[in-house]
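Source file upload-v2.cif; content: mmCIF, C-alpha atoms.
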```cif
data_target
loop_
_atom_site.group_PDB
_atom_site.id
_atom_site.type_symbol
_atom_site.label_atom_id
_atom_site.label_comp_id
_atom_site.auth_asym_id
_atom_site.auth_seq_id
_atom_site.Cartn_x
_atom_site.Cartn_y
_atom_site.Cartn_z
ATOM 1 C CA ARG A 246 10.604 32.156 -22.339
ATOM 2 C CA MET A 247 14.206 31.779 -21.229
ATOM 3 C CA THR A 248 15.971 35.107 -20.718
ATOM 4 C CA GLN A 249 18.954 34.235 -18.520
ATOM 5 C CA TYR A 250 21.834 31.727 -18.491
ATOM 6 C CA GLU A 251 23.950 31.564 -15.322
ATOM 7 C CA ARG A 252 27.282 29.815 -14.712
ATOM 8 C CA PRO A 253 27.935 29.637 -10.963
ATOM 9 C CA ARG A 254 31.445 28.914 -9.682
ATOM 10 C CA SER A 255 30.364 27.074 -6.523
ATOM 11 C CA VAL A 256 27.566 24.816 -5.334
ATOM 12 C CA GLN A 257 26.471 27.490 -2.872
ATOM 13 C CA ASP A 258 26.197 30.016 -5.708
ATOM 14 C CA ALA A 259 24.108 27.576 -7.739
ATOM 15 C CA VAL A 260 21.677 26.992 -4.874
ATOM 16 C CA GLY A 261 21.471 30.740 -4.270
ATOM 17 C CA MET A 262 20.617 31.382 -7.925
ATOM 18 C CA LEU A 263 17.853 28.779 -7.825
ATOM 19 C CA GLN A 264 16.421 30.445 -4.732
ATOM 20 C CA GLN A 265 16.510 33.875 -6.348
ATOM 21 C CA TRP A 266 14.488 32.671 -9.325
ATOM 22 C CA ARG A 267 11.858 31.057 -7.064
ATOM 23 C CA GLY A 268 11.053 28.072 -9.246
ATOM 24 C CA ALA A 269 11.614 29.785 -12.594
ATOM 25 C CA ALA A 270 15.224 28.546 -12.982
ATOM 26 C CA ARG A 271 16.410 25.038 -13.731
ATOM 27 C CA VAL A 272 19.718 23.183 -13.326
ATOM 28 C CA ILE A 273 21.515 22.079 -16.490
ATOM 29 C CA ALA A 274 24.739 20.113 -17.001
ATOM 30 C CA GLY A 275 25.167 18.198 -20.274
ATOM 31 C CA GLY A 276 21.752 19.289 -21.538
ATOM 32 C CA THR A 277 21.143 16.166 -23.627
ATOM 33 C CA ASP A 278 17.789 15.653 -21.900
ATOM 34 C CA VAL A 279 16.941 19.140 -20.613
ATOM 35 C CA LEU A 280 17.234 20.949 -23.956
ATOM 36 C CA PRO A 281 15.030 18.503 -25.908
ATOM 37 C CA ASP A 282 12.488 18.701 -23.062
ATOM 38 C CA ILE A 283 12.470 22.510 -23.369
ATOM 39 C CA ARG A 284 11.959 22.265 -27.130
ATOM 40 C CA ARG A 285 9.000 19.930 -26.489
ATOM 41 C CA HIS A 286 7.629 22.484 -23.991
ATOM 42 C CA LYS A 287 7.878 19.992 -21.118
ATOM 43 C CA TRP A 288 9.700 22.727 -19.180
ATOM 44 C CA GLN A 289 9.696 26.476 -19.759
ATOM 45 C CA PRO A 290 12.372 27.892 -17.413
ATOM 46 C CA GLU A 291 13.202 31.577 -17.452
ATOM 47 C CA CYS A 292 16.791 30.823 -16.435
ATOM 48 C CA LEU A 293 19.195 27.896 -16.817
ATOM 49 C CA VAL A 294 21.818 27.390 -14.103
ATOM 50 C CA ASP A 295 24.784 25.641 -15.718
ATOM 51 C CA ILE A 296 26.766 23.721 -13.072
ATOM 52 C CA THR A 297 29.544 22.476 -15.379
ATOM 53 C CA GLY A 298 31.820 25.371 -14.360
ATOM 54 C CA ILE A 299 31.921 24.292 -10.699
ATOM 55 C CA PRO A 300 35.401 22.737 -10.341
ATOM 56 C CA GLU A 301 34.661 20.006 -7.796
ATOM 57 C CA LEU A 302 31.762 18.668 -9.849
ATOM 58 C CA GLY A 303 34.066 17.617 -12.687
ATOM 59 C CA ASP A 304 36.113 15.104 -10.691
ATOM 60 C CA VAL A 305 36.144 11.348 -10.104
ATOM 61 C CA ARG A 306 37.652 10.789 -6.662
ATOM 62 C CA PHE A 307 38.904 7.570 -5.086
ATOM 63 C CA SER A 308 38.909 7.479 -1.273
ATOM 64 C CA ALA A 309 39.548 4.570 1.076
ATOM 65 C CA GLU A 310 35.886 3.497 1.024
ATOM 66 C CA TRP A 311 34.188 5.229 -1.905
ATOM 67 C CA ILE A 312 34.431 6.221 -5.539
ATOM 68 C CA GLU A 313 32.752 9.611 -5.873
ATOM 69 C CA VAL A 314 31.659 11.066 -9.229
ATOM 70 C CA GLY A 315 30.738 14.731 -9.705
ATOM 71 C CA ALA A 316 27.602 15.984 -11.409
ATOM 72 C CA ALA A 317 29.538 17.391 -14.383
ATOM 73 C CA VAL A 318 31.357 14.113 -15.124
ATOM 74 C CA THR A 319 30.260 12.774 -18.511
ATOM 75 C CA PHE A 320 29.999 9.186 -19.638
ATOM 76 C CA ALA A 321 33.073 9.773 -21.804
ATOM 77 C CA ASP A 322 34.935 10.897 -18.673
ATOM 78 C CA LEU A 323 33.965 7.628 -16.991
ATOM 79 C CA LEU A 324 35.224 5.641 -19.970
ATOM 80 C CA ALA A 325 38.556 7.469 -19.805
ATOM 81 C CA CYS A 326 38.997 7.133 -16.030
ATOM 82 C CA ASP A 327 41.996 4.978 -15.086
ATOM 83 C CA GLY A 328 41.172 2.141 -12.722
ATOM 84 C CA LEU A 329 37.403 2.503 -12.917
ATOM 85 C CA GLU A 330 36.781 -0.741 -14.804
ATOM 86 C CA ARG A 331 38.896 -2.632 -12.273
ATOM 87 C CA GLU A 332 36.823 -1.198 -9.423
ATOM 88 C CA ALA A 333 33.367 -1.431 -11.022
ATOM 89 C CA ALA A 334 33.416 -3.644 -14.088
ATOM 90 C CA ALA A 335 29.705 -3.096 -14.774
ATOM 91 C CA LEU A 336 29.972 0.691 -14.946
ATOM 92 C CA VAL A 337 32.224 1.037 -17.989
ATOM 93 C CA PRO A 338 30.126 -1.038 -20.443
ATOM 94 C CA ALA A 339 26.993 0.634 -19.084
ATOM 95 C CA ALA A 340 28.539 4.046 -19.812
ATOM 96 C CA ARG A 341 29.446 2.840 -23.297
ATOM 97 C CA SER A 342 25.804 1.834 -23.868
ATOM 98 C CA VAL A 343 24.489 5.384 -23.514
ATOM 99 C CA GLY A 344 23.655 6.997 -26.847
ATOM 100 C CA ALA A 345 26.747 7.210 -29.037
ATOM 101 C CA PRO A 346 30.223 8.774 -28.581
ATOM 102 C CA GLY A 347 28.973 12.284 -29.327
ATOM 103 C CA ILE A 348 26.301 12.010 -26.651
ATOM 104 C CA GLN A 349 28.690 10.340 -24.200
ATOM 105 C CA HIS A 350 30.970 13.397 -24.380
ATOM 106 C CA GLN A 351 28.074 15.634 -23.308
ATOM 107 C CA ALA A 352 25.694 13.573 -21.177
ATOM 108 C CA THR A 353 26.394 13.136 -17.464
ATOM 109 C CA TRP A 354 25.797 10.094 -15.279
ATOM 110 C CA ILE A 355 23.859 12.128 -12.725
ATOM 111 C CA GLY A 356 21.736 13.723 -15.450
ATOM 112 C CA ASN A 357 20.817 10.239 -16.647
ATOM 113 C CA ILE A 358 19.752 9.352 -13.105
ATOM 114 C CA VAL A 359 17.708 12.524 -12.545
ATOM 115 C CA GLN A 360 15.817 11.817 -15.769
ATOM 116 C CA SER A 361 14.468 8.754 -13.904
ATOM 117 C CA MET A 362 13.564 6.652 -16.921
ATOM 118 C CA PRO A 363 12.907 2.921 -16.335
ATOM 119 C CA ALA A 364 15.368 1.943 -19.081
ATOM 120 C CA ALA A 365 18.151 4.424 -18.237
ATOM 121 C CA ASP A 366 21.457 2.568 -18.424
ATOM 122 C CA GLY A 367 23.073 4.900 -15.895
ATOM 123 C CA ALA A 368 20.244 4.438 -13.410
ATOM 124 C CA ILE A 369 20.249 0.641 -13.676
ATOM 125 C CA VAL A 370 23.982 0.326 -13.068
ATOM 126 C CA ALA A 371 23.780 2.835 -10.200
ATOM 127 C CA LEU A 372 21.203 0.586 -8.529
ATOM 128 C CA ALA A 373 23.439 -2.456 -8.915
ATOM 129 C CA LEU A 374 26.413 -0.614 -7.435
ATOM 130 C CA GLU A 375 24.234 0.403 -4.454
ATOM 131 C CA ALA A 376 25.143 4.012 -5.115
ATOM 132 C CA GLU A 377 24.208 7.041 -3.051
ATOM 133 C CA VAL A 378 23.595 10.594 -4.218
ATOM 134 C CA CYS A 379 24.468 13.872 -2.494
ATOM 135 C CA ILE A 380 21.521 16.278 -2.592
ATOM 136 C CA VAL A 381 22.041 19.980 -1.888
ATOM 137 C CA ASP A 382 19.381 22.641 -1.433
ATOM 138 C CA ALA A 383 18.652 25.636 0.776
ATOM 139 C CA VAL A 384 18.061 23.331 3.748
ATOM 140 C CA GLY A 385 21.487 21.674 3.592
ATOM 141 C CA THR A 386 23.363 18.652 2.260
ATOM 142 C CA ARG A 387 22.455 14.988 2.607
ATOM 143 C CA TRP A 388 23.354 11.593 1.137
ATOM 144 C CA GLN A 389 20.640 9.079 0.315
ATOM 145 C CA PRO A 390 20.404 5.812 -1.660
ATOM 146 C CA VAL A 391 19.978 6.388 -5.384
ATOM 147 C CA GLU A 392 16.992 4.056 -5.381
ATOM 148 C CA THR A 393 15.007 6.574 -3.323
ATOM 149 C CA VAL A 394 15.052 9.265 -6.042
ATOM 150 C CA PHE A 395 13.021 7.216 -8.559
ATOM 151 C CA THR A 396 9.239 7.509 -8.268
ATOM 152 C CA GLY A 397 7.892 6.761 -11.749
ATOM 153 C CA PRO A 398 8.593 7.072 -15.476
ATOM 154 C CA GLY A 399 10.431 10.364 -15.858
ATOM 155 C CA VAL A 400 9.512 11.389 -12.311
ATOM 156 C CA CYS A 401 12.237 12.051 -9.762
ATOM 157 C CA THR A 402 12.152 13.266 -6.169
ATOM 158 C CA ILE A 403 14.778 15.887 -7.027
ATOM 159 C CA ASP A 404 13.330 19.310 -7.869
ATOM 160 C CA PRO A 405 15.741 20.831 -10.428
ATOM 161 C CA THR A 406 14.313 24.293 -9.742
ATOM 162 C CA SER A 407 15.531 24.253 -6.129
ATOM 163 C CA GLN A 408 17.836 21.249 -5.638
ATOM 164 C CA LEU A 409 20.801 19.620 -7.283
ATOM 165 C CA ILE A 410 22.625 16.340 -6.981
ATOM 166 C CA THR A 411 26.288 17.263 -6.677
ATOM 167 C CA HIS A 412 27.831 13.778 -6.508
ATOM 168 C CA ILE A 413 27.123 10.090 -6.772
ATOM 169 C CA ARG A 414 29.245 7.584 -4.852
ATOM 170 C CA PHE A 415 29.478 3.815 -4.548
ATOM 171 C CA PRO A 416 31.630 1.492 -2.420
ATOM 172 C CA ARG A 417 35.095 0.610 -3.643
ATOM 173 C CA ALA A 418 35.675 -2.968 -4.706
ATOM 174 C CA ARG A 419 36.894 -5.424 -2.114
ATOM 175 C CA PRO A 420 37.872 -9.105 -2.320
ATOM 176 C CA GLY A 421 34.885 -11.280 -3.167
ATOM 177 C CA VAL A 422 32.876 -8.597 -4.995
ATOM 178 C CA GLY A 423 32.033 -8.855 -8.676
ATOM 179 C CA THR A 424 29.772 -6.805 -10.960
ATOM 180 C CA ALA A 425 28.547 -7.296 -14.525
ATOM 181 C CA TRP A 426 26.425 -5.602 -17.209
ATOM 182 C CA ARG A 427 24.250 -7.041 -19.952
ATOM 183 C CA ARG A 428 22.021 -5.291 -22.483
ATOM 184 C CA VAL A 429 19.884 -6.234 -25.479
ATOM 185 C CA ALA A 430 18.828 -3.598 -28.031
ATOM 186 C CA ARG A 431 17.889 -3.415 -31.702
ATOM 187 C CA ARG A 432 21.259 -1.872 -32.489
ATOM 188 C CA ALA A 433 24.423 -0.985 -30.594
ATOM 189 C CA THR A 434 24.009 2.807 -30.391
ATOM 190 C CA LEU A 435 21.390 5.568 -30.252
ATOM 191 C CA VAL A 436 18.577 3.333 -29.075
ATOM 192 C CA LEU A 437 16.982 2.500 -25.743
ATOM 193 C CA PRO A 438 17.388 -1.099 -24.563
ATOM 194 C CA ILE A 439 14.894 -3.876 -25.004
ATOM 195 C CA VAL A 440 16.153 -5.084 -21.620
ATOM 196 C CA ASN A 441 19.215 -4.140 -19.604
ATOM 197 C CA CYS A 442 20.620 -5.756 -16.485
ATOM 198 C CA ALA A 443 23.368 -4.950 -13.969
ATOM 199 C CA VAL A 444 24.286 -7.202 -11.060
ATOM 200 C CA LYS A 445 26.586 -7.284 -8.066
ATOM 201 C CA VAL A 446 27.482 -10.357 -6.033
ATOM 202 C CA VAL A 447 29.459 -10.557 -2.810
ATOM 203 C CA LEU A 448 31.088 -13.856 -1.857
ATOM 204 C CA ASN A 449 31.977 -14.825 1.687
ATOM 205 C CA PRO A 450 35.803 -15.047 1.636
ATOM 206 C CA ASP A 451 35.829 -17.999 4.056
ATOM 207 C CA GLU A 452 32.973 -20.263 2.956
ATOM 208 C CA GLY A 453 32.625 -19.067 -0.640
ATOM 209 C CA ASP A 454 28.843 -18.760 -0.400
ATOM 210 C CA VAL A 455 26.872 -15.721 -1.572
ATOM 211 C CA ALA A 456 26.818 -13.122 1.181
ATOM 212 C CA ALA A 457 24.816 -10.549 -0.812
ATOM 213 C CA ALA A 458 23.472 -9.926 -4.293
ATOM 214 C CA VAL A 459 21.885 -7.083 -6.257
ATOM 215 C CA ILE A 460 19.994 -7.619 -9.520
ATOM 216 C CA ALA A 461 18.887 -4.407 -11.255
ATOM 217 C CA MET A 462 16.863 -4.396 -14.485
ATOM 218 C CA GLY A 463 15.059 -2.126 -16.880
ATOM 219 C CA PRO A 464 12.625 -1.370 -18.407
ATOM 220 C CA VAL A 465 10.581 -3.961 -16.513
ATOM 221 C CA ALA A 466 8.681 -1.678 -14.114
ATOM 222 C CA PRO A 467 7.585 1.989 -13.913
ATOM 223 C CA ARG A 468 11.029 2.866 -12.522
ATOM 224 C CA PRO A 469 14.515 1.320 -12.380
ATOM 225 C CA PHE A 470 13.909 -2.015 -10.689
ATOM 226 C CA ARG A 471 15.584 -4.439 -8.293
ATOM 227 C CA ALA A 472 14.589 -8.115 -8.356
ATOM 228 C CA ARG A 473 14.587 -8.586 -4.591
ATOM 229 C CA SER A 474 13.125 -12.108 -4.504
ATOM 230 C CA ALA A 475 15.846 -13.278 -6.872
ATOM 231 C CA GLU A 476 18.463 -11.526 -4.740
ATOM 232 C CA ALA A 477 17.147 -13.219 -1.607
ATOM 233 C CA ALA A 478 17.237 -16.637 -3.293
ATOM 234 C CA LEU A 479 20.969 -16.250 -3.883
ATOM 235 C CA ARG A 480 21.936 -15.119 -0.397
ATOM 236 C CA GLY A 481 23.424 -17.646 1.981
ATOM 237 C CA GLY A 482 23.883 -20.477 -0.486
ATOM 238 C CA PRO A 483 26.682 -21.786 -2.672
ATOM 239 C CA PRO A 484 26.868 -20.118 -6.116
ATOM 240 C CA THR A 485 25.925 -23.218 -8.103
ATOM 241 C CA GLN A 486 24.600 -23.225 -11.652
ATOM 242 C CA GLU A 487 21.232 -24.429 -10.354
ATOM 243 C CA MET A 488 21.016 -21.497 -7.949
ATOM 244 C CA ILE A 489 21.954 -19.014 -10.680
ATOM 245 C CA GLU A 490 19.290 -20.406 -13.011
ATOM 246 C CA ALA A 491 16.660 -20.353 -10.255
ATOM 247 C CA ALA A 492 17.450 -16.710 -9.478
ATOM 248 C CA ALA A 493 17.235 -15.815 -13.173
ATOM 249 C CA TRP A 494 13.745 -17.288 -13.434
ATOM 250 C CA LEU A 495 12.672 -15.565 -10.230
ATOM 251 C CA ALA A 496 13.825 -12.267 -11.736
ATOM 252 C CA GLN A 497 11.571 -12.959 -14.711
ATOM 253 C CA GLU A 498 8.614 -13.641 -12.401
ATOM 254 C CA GLU A 499 9.141 -10.320 -10.604
ATOM 255 C CA ALA A 500 9.398 -8.298 -13.810
ATOM 256 C CA ASP A 501 6.399 -6.624 -15.407
ATOM 257 C CA PRO A 502 7.573 -5.189 -18.751
ATOM 258 C CA ARG A 503 5.287 -3.488 -21.254
ATOM 259 C CA SER A 504 5.022 -4.051 -24.965
ATOM 260 C CA ASN A 505 6.556 -1.261 -27.011
ATOM 261 C CA PRO A 506 5.964 -1.115 -30.778
ATOM 262 C CA LEU A 507 9.366 0.511 -31.338
ATOM 263 C CA ARG A 508 11.411 -1.922 -29.256
ATOM 264 C CA ALA A 509 9.856 -5.242 -28.288
ATOM 265 C CA SER A 510 6.764 -7.019 -27.037
ATOM 266 C CA ARG A 511 6.201 -7.918 -23.422
ATOM 267 C CA THR A 512 6.480 -11.605 -24.336
ATOM 268 C CA TYR A 513 9.863 -11.138 -25.955
ATOM 269 C CA ARG A 514 11.184 -9.061 -23.075
ATOM 270 C CA LEU A 515 10.106 -11.694 -20.574
ATOM 271 C CA SER A 516 11.876 -14.375 -22.597
ATOM 272 C CA VAL A 517 15.109 -12.351 -22.620
ATOM 273 C CA ILE A 518 15.239 -11.573 -18.896
ATOM 274 C CA PRO A 519 16.374 -14.970 -17.537
ATOM 275 C CA VAL A 520 19.063 -15.223 -20.205
ATOM 276 C CA LEU A 521 20.508 -11.804 -19.384
ATOM 277 C CA VAL A 522 20.324 -12.304 -15.636
ATOM 278 C CA GLU A 523 22.008 -15.706 -15.833
ATOM 279 C CA GLU A 524 24.793 -14.334 -18.042
ATOM 280 C CA ALA A 525 25.340 -11.336 -15.764
ATOM 281 C CA LEU A 526 25.368 -13.405 -12.570
ATOM 282 C CA THR A 527 27.769 -15.936 -14.052
ATOM 283 C CA LEU A 528 30.193 -13.222 -15.122
ATOM 284 C CA ALA A 529 29.923 -11.345 -11.809
ATOM 285 C CA LEU A 530 30.574 -14.549 -9.855
ATOM 286 C CA ASP A 531 33.628 -15.320 -11.985
ATOM 287 C CA ARG A 532 34.970 -11.849 -11.243
ATOM 288 C CA ALA A 533 34.225 -12.207 -7.530
ATOM 289 C CA ARG A 534 36.094 -15.532 -7.412
ATOM 290 C CA ASP A 535 39.010 -14.059 -9.359
ATOM 291 C CA SER A 536 39.307 -11.199 -6.885
ATOM 292 C CA LEU A 537 39.557 -13.700 -4.017
ATOM 293 C CA VAL A 538 42.249 -15.676 -5.838
ATOM 294 C CA VAL A 539 44.280 -12.523 -6.480
ATOM 295 C CA THR A 540 43.974 -11.549 -2.820
ATOM 296 C CA CYS A 541 45.164 -14.991 -1.690
ATOM 297 C CA ARG A 542 48.144 -14.839 -4.034
ATOM 298 C CA ARG A 543 49.118 -11.443 -2.712
ATOM 299 C CA ALA A 544 48.847 -12.699 0.864
ATOM 300 C CA ASP A 545 50.991 -15.751 0.049
ATOM 301 C CA THR A 546 53.586 -13.575 -1.636
ATOM 302 C CA ALA A 547 53.721 -11.245 1.352
ATOM 303 C CA GLU A 548 54.150 -14.153 3.772
ATOM 304 C CA GLY A 549 56.857 -15.739 1.663
ATOM 305 C CA GLY A 550 58.672 -12.505 0.941
#
```
So, in terms of structure tokens, how does the structure I just supplied come out?
Amino acid sequence: RMTQYERPRSVQDAVGMLQQWRGAARVIAGGTDVLPDIRRHKWQPECLVDITGIPELGDVRFSAEWIEVGAAVTFADLLACDGLEREAAALVPAARSVGAPGIQHQATWIGNIVQSMPAADGAIVALALEAEVCIVDAVGTRWQPVETVFTGPGVCTIDPTSQLITHIRFPRARPGVGTAWRRVARRATLVLPIVNCAVKVVLNPDEGDVAAAVIAMGPVAPRPFRARSAEAALRGGPPTQEMIEAAAWLAQEEADPRSNPLRASRTYRLSVIPVLVEEALTLALDRARDSLVVTCRRADTAEGG
């Protein structure tokens, strides 16, 4: 039975409180997942350690190489962040897909990731952005790829009784990079997706071929999933319609979705996957090409000016 609610003012204080409770305390931020889990008796902490009062965890920071998002930043904060859609076009619609406006004002991106659900919109877009998370515990601080924290449905490598993710970061956009988001659900809000998809493509500025690609999907596996065979099929070749279609079908072959009586059958999900992947890749490639054109125009203007 919970008897204590703590609000630390620093990350070090939060870690210290978790240590003092020796596994009986649990980190909380927005609480949109933690509190329902407590009501369902999934967790029975004696203390909740609320990290939303730690100043540096409420910021979105732009550095030369990274965009860094704190653990207390909500999806509504992401939607309101100037310049974010220009830097990561897939992230804003993914944030808008989570729950409904009331939930978006409370739920945090990092909380969505820690929940480690195969369909989590925040987790899927984090995979596509090749994000990293900063993990802090009594041992120290370390960054690691977000993909490494997912182990199974609702199972995460982060122990919320002794560890916390303080930040998530992803590379800033550069010329030739484009991202996109696609999602199919029974209605627009307050429902998990039938299938969701986030992609990133990187074009070679000189040849125009595909230098790299990421295709993330859910829920098509026990955890947020990357279609690596489809990604490999895109790399090194020209971004033709035939190549896009081939990659979309490869993504379908790699996927292993389940039937769900509340959302969709396996057969329907499999039929949707190539459509979503093709749409997302096409849009991401258009954005990548546009970014190269803008860069060339700026260079021409500078030379002529």
query = Could you pull the residues within 12 Å of A:Ala478, counting only C-alpha atoms, minus those fewer than 2 positions along the same chain, as a list in words?
reply =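 In the requested form, the answer reads Val455, Ala456, Ala457, Ala458, Val459, Ile460, Ala472, Arg473, Ser474, Ala475, Glu476, Arg480, Gly481, Gly482, Pro483, Pro484, Thr485, Glu487, Met488, Ile489, Glu490, Ala491, Ala492, Ala493, Trp494, Leu495 and Ala496 of chain A.
Here atom CA of A:Pro405 is placed at a distance of 19.6 Å from atom CA of A:Pro469.
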key: For A:Thr396: contacts at 12 Å, all atoms listed in the file, fewer than 3 positions along chain excluded, given as a list in words   =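 In the requested form, the answer reads Ile358, Val359, Gln360, Ser361, Met362, Pro363, Val391, Glu392, Thr393, Gly399, Val400, Cys401, Thr402, Ile403, Ala466, Pro467, Arg468, Pro469 and Phe470 of chain A.
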task = Can you work out the spacing between atom CA of A:Pro390 and atom CA of A:Leu372 in Å, to one decimal?
result = 8.7 Å
message = Using the chain letters and numbers from this file, what does the PyMOL selection byres ((chain A and resi 341) around 12) select? Give the answer as a PyMOL selection string.
response = chain A and resi 319-325+330+334-340+342-350+352+354+366-367+370+426-428+433-435
Contact residues around stretch 497-513 of chain A with only C-alpha atoms at 8 Å, ignoring same-chain residues under 6 positions, as a short mmCIF file (atom, residue, chain, number, x, y, z; two decimals) with C-alpha atoms, in the frame of the given file:
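What follows is the written file selection-v1.cif:
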```cif
data_model
loop_
_atom_site.label_atom_id
_atom_site.label_comp_id
_atom_site.auth_asym_id
_atom_site.auth_seq_id
_atom_site.Cartn_x
_atom_site.Cartn_y
_atom_site.Cartn_z
CA ALA A 430 18.83 -3.60 -28.03
CA ARG A 431 17.89 -3.42 -31.70
CA LEU A 437 16.98 2.50 -25.74
CA PRO A 438 17.39 -1.10 -24.56
CA ILE A 439 14.89 -3.88 -25.00
CA PRO A 464 12.62 -1.37 -18.41
CA VAL A 465 10.58 -3.96 -16.51
CA ALA A 466 8.68 -1.68 -14.11
CA ALA A 472 14.59 -8.12 -8.36
CA SER A 474 13.12 -12.11 -4.50
CA PRO A 519 16.37 -14.97 -17.54
#
```
task = Choose the residue, out of A:Ile410, A:Val394, A:Cys379, A:Val384, that has the smallest atom-to-atom separation from A:Ala317; count only C-alpha atoms.
result = A:Ile410
message = Could you check the closest approach to A:Ala383 for each of A:Pro281, A:Gly261, A:Gly303, A:Pro416 and tell me which residue wins, using only C-alpha atoms?
response = A:Gly261
message = Calculated over only C-alpha atoms, which of the candidates A:Arg432, A:Arg252, A:Arg514, A:Arg419 has the smallest distance to A:Val446?
response =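 Smallest distance to A:Val446 is found for A:Arg419.
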request  = Decode the PyMOL selection byres ((chain A and resi 314) around 6) for the given file into explicit residues and return them as JSON, numbers by chain.
outcome  = {"A": [305, 313, 315, 412, 413]}
request  = Provide the atom CA of A:Ala533 to atom CA of A:Thr353 distance in Å, to one decimal place.
outcome  =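 Here the two named atoms are 28.3 Å from each other.
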Can you give me N, CA and C atoms for stretch 319-333 of chain A, written as a PDB file, in the coordinates of the input?
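part.pdb written:
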```pdb
ATOM      1  N   THR A 319      31.004  13.373 -17.404  1.00  0.00           N
ATOM      2  CA  THR A 319      30.260  12.774 -18.511  1.00  0.00           C
ATOM      3  C   THR A 319      30.544  11.277 -18.593  1.00  0.00           C
ATOM      4  N   PHE A 320      29.755  10.611 -19.415  1.00  0.00           N
ATOM      5  CA  PHE A 320      29.999   9.186 -19.638  1.00  0.00           C
ATOM      6  C   PHE A 320      31.352   8.970 -20.314  1.00  0.00           C
ATOM      7  N   ALA A 321      31.751   9.874 -21.186  1.00  0.00           N
ATOM      8  CA  ALA A 321      33.073   9.773 -21.804  1.00  0.00           C
ATOM      9  C   ALA A 321      34.170   9.906 -20.752  1.00  0.00           C
ATOM     10  N   ASP A 322      33.973  10.779 -19.773  1.00  0.00           N
ATOM     11  CA  ASP A 322      34.935  10.897 -18.673  1.00  0.00           C
ATOM     12  C   ASP A 322      35.048   9.576 -17.911  1.00  0.00           C
ATOM     13  N   LEU A 323      33.933   8.920 -17.679  1.00  0.00           N
ATOM     14  CA  LEU A 323      33.965   7.628 -16.991  1.00  0.00           C
ATOM     15  C   LEU A 323      34.745   6.599 -17.797  1.00  0.00           C
ATOM     16  N   LEU A 324      34.515   6.598 -19.113  1.00  0.00           N
ATOM     17  CA  LEU A 324      35.224   5.641 -19.970  1.00  0.00           C
ATOM     18  C   LEU A 324      36.729   5.884 -19.979  1.00  0.00           C
ATOM     19  N   ALA A 325      37.137   7.121 -19.767  1.00  0.00           N
ATOM     20  CA  ALA A 325      38.556   7.469 -19.805  1.00  0.00           C
ATOM     21  C   ALA A 325      39.229   7.398 -18.440  1.00  0.00           C
ATOM     22  N   CYS A 326      38.468   7.082 -17.395  1.00  0.00           N
ATOM     23  CA  CYS A 326      38.997   7.133 -16.030  1.00  0.00           C
ATOM     24  C   CYS A 326      39.827   5.892 -15.720  1.00  0.00           C
ATOM     25  N   ASP A 327      41.099   6.091 -15.414  1.00  0.00           N
ATOM     26  CA  ASP A 327      41.996   4.978 -15.086  1.00  0.00           C
ATOM     27  C   ASP A 327      41.531   4.259 -13.821  1.00  0.00           C
ATOM     28  N   GLY A 328      41.492   2.944 -13.889  1.00  0.00           N
ATOM     29  CA  GLY A 328      41.172   2.141 -12.722  1.00  0.00           C
ATOM     30  C   GLY A 328      39.697   1.917 -12.476  1.00  0.00           C
ATOM     31  N   LEU A 329      38.832   2.603 -13.212  1.00  0.00           N
ATOM     32  CA  LEU A 329      37.403   2.503 -12.917  1.00  0.00           C
ATOM     33  C   LEU A 329      36.849   1.120 -13.281  1.00  0.00           C
ATOM     34  N   GLU A 330      37.284   0.577 -14.403  1.00  0.00           N
ATOM     35  CA  GLU A 330      36.781  -0.741 -14.804  1.00  0.00           C
ATOM     36  C   GLU A 330      37.225  -1.820 -13.819  1.00  0.00           C
ATOM     37  N   ARG A 331      38.415  -1.674 -13.271  1.00  0.00           N
ATOM     38  CA  ARG A 331      38.896  -2.632 -12.273  1.00  0.00           C
ATOM     39  C   ARG A 331      38.047  -2.568 -11.002  1.00  0.00           C
ATOM     40  N   GLU A 332      37.607  -1.393 -10.644  1.00  0.00           N
ATOM     41  CA  GLU A 332      36.823  -1.198  -9.423  1.00  0.00           C
ATOM     42  C   GLU A 332      35.346  -1.533  -9.616  1.00  0.00           C
ATOM     43  N   ALA A 333      34.804  -1.240 -10.776  1.00  0.00           N
ATOM     44  CA  ALA A 333      33.367  -1.431 -11.022  1.00  0.00           C
ATOM     45  C   ALA A 333      33.193  -1.856 -12.476  1.00  0.00           C
TER      46      ALA A 333
END
```
